[in-house]
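Containing TSV, C-alpha atoms: data-v1.tsv.
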chain	number	residue	atom	x	y	z
Q	960	LEU	CA	-0.64	16.03	-3.19
Q	961	ALA	CA	0.03	15.31	-6.85
Q	962	ILE	CA	2.48	12.52	-5.98
Q	963	ILE	CA	0.04	11.06	-3.44
Q	964	GLY	CA	-2.74	11.12	-6.04
Q	965	ALA	CA	-0.56	9.41	-8.64
Q	966	LEU	CA	0.49	6.73	-6.16
Q	967	ALA	CA	-3.15	6.20	-5.17
Q	968	VAL	CA	-4.13	5.71	-8.82
Q	969	ALA	CA	-1.29	3.23	-9.32
Q	970	CYS	CA	-2.30	1.38	-6.16
Q	971	PHE	CA	-5.93	0.99	-7.21
Q	972	VAL	CA	-4.96	-0.02	-10.75
Q	973	LYS	CA	-2.77	-2.72	-9.24
Q	974	VAL	CA	-5.53	-3.91	-6.90
Q	975	PHE	CA	-8.12	-4.00	-9.69
Q	976	GLY	CA	-5.81	-5.76	-12.12
Q	977	VAL	CA	-4.70	-8.41	-9.65
Q	978	THR	CA	-8.22	-9.01	-8.34
Q	979	PHE	CA	-10.45	-8.90	-11.41
Q	980	LEU	CA	-8.20	-9.49	-14.44
Q	981	GLY	CA	-6.47	-12.61	-15.60
Q	982	GLU	CA	-7.11	-16.28	-15.07
Q	983	PRO	CA	-7.40	-17.95	-11.64
Q	984	ARG	CA	-4.24	-19.71	-10.53
Q	985	LYS	CA	-6.17	-22.53	-8.89
Q	986	PRO	CA	-9.80	-23.70	-8.81
Q	987	LEU	CA	-12.03	-21.73	-6.48
Q	988	PRO	CA	-13.59	-23.67	-3.60
Q	989	SER	CA	-16.98	-22.13	-4.39
Q	990	LEU	CA	-18.48	-19.66	-6.83
Q	991	PRO	CA	-18.24	-16.06	-5.58
Q	992	THR	CA	-21.49	-14.26	-4.81
Q	993	GLU	CA	-22.39	-10.61	-4.44
Q	994	ALA	CA	-22.21	-9.03	-1.00
Q	995	PRO	CA	-25.51	-8.39	0.80
Q	996	LEU	CA	-27.26	-5.03	0.67
Q	997	THR	CA	-26.18	-4.19	4.21
Q	998	MET	CA	-22.57	-4.13	2.99
Q	999	ILE	CA	-23.22	-2.42	-0.35
Q	1000	LEU	CA	-25.40	0.40	0.98
Q	1001	PRO	CA	-22.76	2.01	3.27
Q	1002	MET	CA	-20.23	1.97	0.43
Q	1003	ALA	CA	-22.81	3.50	-1.90
Q	1004	VAL	CA	-23.46	6.31	0.60
Q	1005	ILE	CA	-19.74	7.05	0.90
Q	1006	LEU	CA	-19.38	6.92	-2.88
Q	1007	GLY	CA	-22.27	9.34	-3.29
Q	1008	CYS	CA	-20.75	11.79	-0.80
Q	1009	CYS	CA	-17.40	11.64	-2.59
Q	1010	GLY	CA	-19.13	12.21	-5.92
Q	1011	VAL	CA	-21.11	15.21	-4.67
Q	1012	ILE	CA	-18.03	16.80	-3.12
Q	1013	GLY	CA	-15.98	16.15	-6.26
Q	1014	ILE	CA	-18.58	17.43	-8.72
Q	1015	MET	CA	-20.09	20.23	-6.63
Q	1016	PRO	CA	-17.43	21.39	-4.17
Q	1017	LEU	CA	-19.37	24.62	-3.58
Q	1018	THR	CA	-21.66	22.62	-1.30
Q	1019	VAL	CA	-18.89	22.19	1.27
Q	1020	VAL	CA	-17.14	25.55	0.90
Q	1021	ASP	CA	-19.11	27.06	3.78
Q	1022	LEU	CA	-18.21	24.16	6.05
Q	1023	LEU	CA	-14.54	24.46	5.14
Q	1024	GLY	CA	-14.68	28.22	5.55
Q	1025	GLY	CA	-16.10	27.85	9.04
Q	1026	GLY	CA	-13.39	25.39	10.00
Q	1027	ILE	CA	-10.63	27.60	8.61
Q	1028	ALA	CA	-12.13	30.62	10.35
Q	1029	ALA	CA	-12.20	28.78	13.67
Q	1030	TRP	CA	-8.60	27.69	13.21
Q	1031	GLY	CA	-7.11	30.92	11.90
Q	1032	GLY	CA	-9.29	33.48	13.60
Q	1033	ALA	CA	-10.84	34.86	10.43
Q	1034	ALA	CA	-14.54	35.62	10.17
Q	1035	GLY	CA	-17.10	34.17	7.81
Q	1036	PRO	CA	-16.72	32.25	4.56
Q	1037	ALA	CA	-14.07	34.73	3.44
Q	1038	ALA	CA	-11.59	32.53	5.25
Q	1039	PHE	CA	-11.83	30.19	2.25
Q	1040	PRO	CA	-10.63	32.42	-0.60
Q	1041	ALA	CA	-11.42	31.59	-4.19
Q	1042	THR	CA	-7.73	31.72	-5.03
Q	1043	LEU	CA	-7.08	28.73	-2.79
Q	1044	ALA	CA	-9.05	26.40	-5.06
Q	1045	PRO	CA	-11.12	27.31	-8.15
Q	1046	VAL	CA	-14.18	25.43	-6.93
Q	1047	GLY	CA	-16.41	26.91	-9.62
Q	1048	TRP	CA	-14.20	25.73	-12.47
Q	1049	ILE	CA	-13.89	22.34	-10.80
Q	1050	SER	CA	-17.66	21.91	-11.04
Q	1051	VAL	CA	-17.70	23.03	-14.67
Q	1052	GLY	CA	-14.87	20.67	-15.59
Q	1053	ALA	CA	-16.50	17.76	-13.76
Q	1054	LEU	CA	-19.84	18.31	-15.50
Q	1055	LEU	CA	-18.14	18.54	-18.90
Q	1056	PHE	CA	-16.24	15.34	-18.21
Q	1057	LEU	CA	-19.40	13.51	-17.15
Q	1058	GLY	CA	-21.25	14.75	-20.22
Q	1059	LEU	CA	-18.46	13.65	-22.55
Q	1060	THR	CA	-18.32	10.26	-20.85
Q	1061	ALA	CA	-22.07	9.82	-21.23
Q	1062	ILE	CA	-21.93	10.71	-24.94
Q	1063	LEU	CA	-19.09	8.26	-25.59
Q	1064	ALA	CA	-20.91	5.52	-23.68
Q	1065	LEU	CA	-24.07	6.15	-25.71
Q	1066	LEU	CA	-22.16	6.03	-28.99
Q	1067	GLN	CA	-20.47	2.81	-27.96
Q	1068	ARG	CA	-23.79	1.17	-27.11
Q	1069	ARG	CA	-25.18	2.12	-30.51
Q	1070	ALA	CA	-22.19	0.63	-32.32
Q	1071	VAL	CA	-23.05	-2.42	-34.40
Q	1072	ILE	CA	-19.65	-4.07	-34.16
Q	1073	ALA	CA	-19.68	-6.78	-31.52
Q	1074	PRO	CA	-16.77	-6.48	-29.09
Q	1075	LYS	CA	-14.19	-9.23	-29.15
Q	1076	ARG	CA	-13.40	-11.02	-25.92
Q	1077	PRO	CA	-9.87	-12.36	-26.09
Q	1078	ALA	CA	-7.92	-13.52	-23.07
Q	1079	THR	CA	-6.92	-10.70	-20.75
Q	1080	TRP	CA	-3.18	-11.33	-20.96
Q	1081	GLY	CA	-3.28	-13.14	-24.31
Q	1082	CYS	CA	-0.55	-11.05	-25.97
Q	1083	GLY	CA	-1.01	-13.05	-29.17
Q	1084	TYR	CA	-0.67	-16.49	-27.59
Q	1085	PRO	CA	-3.37	-18.98	-28.59
Q	1086	GLN	CA	-3.60	-20.67	-25.19
Q	1087	PRO	CA	-2.41	-18.36	-22.41
Q	1088	THR	CA	-2.16	-19.68	-18.88
Q	1089	SER	CA	-2.13	-18.05	-15.46
Q	1090	ARG	CA	1.68	-18.20	-15.44
Q	1091	MET	CA	1.79	-15.68	-18.31
Q	1092	GLN	CA	-0.28	-12.99	-16.64
Q	1093	TYR	CA	0.79	-10.03	-14.60
Q	1094	THR	CA	1.22	-10.39	-10.87
Q	1095	ALA	CA	1.17	-7.82	-8.10
Q	1096	ALA	CA	4.93	-7.44	-8.42
Q	1097	SER	CA	4.57	-6.87	-12.17
Q	1098	PHE	CA	2.09	-4.05	-11.63
Q	1099	ALA	CA	4.32	-2.41	-9.03
Q	1100	GLU	CA	7.59	-2.93	-10.92
Q	1101	MET	CA	7.51	0.52	-12.52
Q	1102	LEU	CA	7.11	2.29	-9.18
Q	1103	THR	CA	9.52	0.06	-7.27
Q	1104	GLY	CA	12.09	0.57	-10.01
Q	1105	LEU	CA	11.60	4.33	-9.90
Q	1106	PHE	CA	12.04	4.48	-6.12
Q	1107	HIS	CA	14.54	1.63	-5.78
Q	1108	TRP	CA	17.00	3.96	-4.06
Q	1109	GLY	CA	14.67	4.25	-1.06
Q	1110	LEU	CA	12.78	0.96	-1.08
Q	1111	TRP	CA	15.83	-1.35	-0.98
Q	1112	THR	CA	14.15	-4.14	-2.92
Q	1113	ASP	CA	15.64	-7.61	-2.46
Q	1114	ILE	CA	16.10	-9.10	-5.93
Q	1115	GLU	CA	17.01	-12.72	-6.58
Q	1116	LYS	CA	17.88	-13.19	-10.24
Q	1117	GLY	CA	17.91	-16.61	-11.80
Q	1118	GLU	CA	20.70	-17.42	-14.23
Q	1119	VAL	CA	19.83	-18.59	-17.74
Q	1120	ARG	CA	22.77	-20.09	-19.63
Q	1121	GLY	CA	23.12	-21.88	-22.90
Q	1122	PHE	CA	20.65	-22.69	-25.64
Q	1123	PHE	CA	18.80	-25.24	-23.51
Q	1124	PRO	CA	18.92	-23.79	-19.99
Q	1125	GLU	CA	17.82	-25.70	-16.97
Q	1126	ARG	CA	15.00	-24.63	-14.73
Q	1127	SER	CA	15.72	-21.34	-13.00
Q	1128	HIS	CA	14.05	-19.25	-10.32
Q	1129	GLY	CA	13.84	-15.52	-9.77
Q	1130	ALA	CA	12.02	-13.46	-7.19
Q	1131	ASP	CA	11.93	-10.00	-5.70
Q	1132	HIS	CA	10.57	-8.69	-2.42
Q	1133	THR	CA	10.13	-5.10	-1.31
Q	1134	PRO	CA	10.13	-4.95	2.49
Q	1135	ASP	CA	8.71	-2.17	4.61
Q	1136	VAL	CA	11.57	0.29	5.01
Q	1137	ILE	CA	10.50	1.56	8.43
Q	1138	LEU	CA	9.28	-1.72	9.92
Q	1139	ASP	CA	11.62	-4.29	8.41
Q	1140	ARG	CA	14.73	-2.15	8.01
Q	1141	MET	CA	14.60	-0.04	11.18
Q	1142	ILE	CA	12.13	-1.15	13.86
Q	1143	TYR	CA	12.72	-4.91	13.65
Q	1144	PRO	CA	16.55	-4.65	13.62
Q	1145	GLY	CA	16.40	-2.13	16.48
Q	1146	CYS	CA	14.19	-4.42	18.55
Q	1147	HIS	CA	16.46	-7.39	17.85
Q	1148	ALA	CA	19.49	-5.33	18.94
Q	1149	LEU	CA	17.75	-4.27	22.16
Q	1150	ALA	CA	16.73	-7.86	22.84
Q	1151	TRP	CA	20.34	-9.00	22.33
Q	1152	VAL	CA	21.64	-6.32	24.72
Q	1153	ALA	CA	18.99	-7.23	27.30
Q	1154	PHE	CA	19.86	-10.93	27.04
Q	1155	LYS	CA	23.58	-10.26	27.45
Q	1156	THR	CA	22.91	-7.93	30.39
Q	1157	ARG	CA	20.74	-10.51	32.12
Q	1158	SER	CA	23.34	-13.21	31.54
Q	1159	PHE	CA	26.01	-10.94	33.03
Q	1160	LEU	CA	24.01	-9.91	36.10
Q	1161	GLN	CA	22.21	-13.14	36.98
Q	1162	HIS	CA	24.55	-15.96	38.01
Q	1163	GLY	CA	22.39	-17.78	40.55
Q	1164	VAL	CA	24.75	-16.88	43.43
Q	1165	LEU	CA	22.98	-15.50	46.50
Q	1166	GLY	CA	25.96	-13.42	47.61
Q	1167	ILE	CA	26.03	-11.50	44.33
Q	1168	TYR	CA	22.31	-10.74	44.63
Q	1169	LEU	CA	22.88	-9.38	48.14
Q	1170	LEU	CA	25.69	-7.22	46.76
Q	1171	TYR	CA	23.31	-5.84	44.12
Q	1172	SER	CA	20.78	-4.99	46.83
Q	1173	ALA	CA	23.42	-3.26	48.94
Q	1174	LEU	CA	24.73	-1.22	46.01
Q	1175	THR	CA	21.19	-0.21	45.05
Q	1176	THR	CA	20.46	0.89	48.62
Q	1177	ILE	CA	23.66	2.95	48.76
Q	1178	VAL	CA	22.87	4.67	45.45
Q	1179	LEU	CA	19.32	5.50	46.55
Q	1180	LEU	CA	20.52	6.90	49.88
Q	1181	TYR	CA	23.10	9.02	48.07
Q	1182	ILE	CA	20.45	10.41	45.70
Q	1183	LEU	CA	17.89	11.10	48.42
Q	1184	LEU	CA	20.28	12.51	51.00
Step by step, read the file and then write its structure as structure tokens.
Amino acid sequence: LAIIGALAVACFVKVFGVTFLGEPRKPLPSLPTEAPLTMILPMAVILGCCGVIGIMPLTVVDLLGGGIAAWGGAAGPAAFPATLAPVGWISVGALLFLGLTAILALLQRRAVIAPKRPATWGCGYPQPTSRMQYTAASFAEMLTGLFHWGLWTDIEKGEVRGFFPERSHGADHTPDVILDRMIYPGCHALAWVAFKTRSFLQHGVLGIYLLYSALTTIVLLYILL
């Protein structure tokens, strides 16, 4: 669960950074507008439920206890022991965190110093462009490098030679291990075998087709009788 949580955080940081940070790579066809209330309200309801469960997990302990009791045969809320998850301390920690966050936000709003608004990926450059900013691959590079032994990333490195190198190109692509490395090659192999089998069996000669029918009939009679 800890690894899944860390990967989820990295995923959402990547999505937020790629979507909302940096400069646009090309002019937008039209100015973006906010989604209508019919789309925002369902997300707000889900967000509220997640917040209530995260801050006050005691509200769902009885429901979880009933489900565990039905599954394991135990009786009552005792099926959800306190040792399984310290739900009380989770609520205390969440409330302390929210209180500390509110205090820091209030202190920041009362600060007199006006915040500076430099370019997102400025890094000290006076005129940064979209080519200098992080991409989706840049955000995921740390994780793909950590799990390179299982992801099998295809890396194309451009060569830079001399003091005045010519234009070079580099790229990397991380395919889906299950889909691209296993399922697709397996399907291609089966398709090749099926094509070769069809080419071997089908010659367009009527006599051979009659022989196939006779052999099939003999095999079926042998199995049934």
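CA of Asp1139 (chain Q) lies 10.9 Å from CA of Leu1110 (chain Q).
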- Å distance separating CA of His1128 (chain Q) from CA of Ile1114 (chain Q), one decimal place: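 Atom-to-atom, CA of His1128 (chain Q) and CA of Ile1114 (chain Q) are spaced 11.2 Å apart.
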- Message: List as number ranges by chain the protein and nucleic acid residues near Ala1053 (chain Q), meaning an atom at most 10 Å away when only C-alpha atoms are counted, but skip any in the same chain fewer than 5 places from it.
- Response: Q: 1010, 1013-1015, 1048, 1058-1059
- What is the distance, in Å and to one decimal place, between CA of Glu1100 (chain Q) and CA of Ala967 (chain Q)?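 Computed distance, CA of Glu1100 (chain Q) to CA of Ala967 (chain Q), equals 15.2 Å.
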- Minimum-distance residue to Gly976 (chain Q), chosen among Q:Val1136, Q:Ala1099, Q:Leu1160, Q:Leu1183 (using only C-alpha atoms): Q:Ala1099
- Message: Counting only C-alpha atoms, which residue out of Q:Val1004, Q:Ala1150, Q:Pro983, Q:Gly1117 sits closest to Gly1129 (chain Q)?
- Response: Q:Gly1117
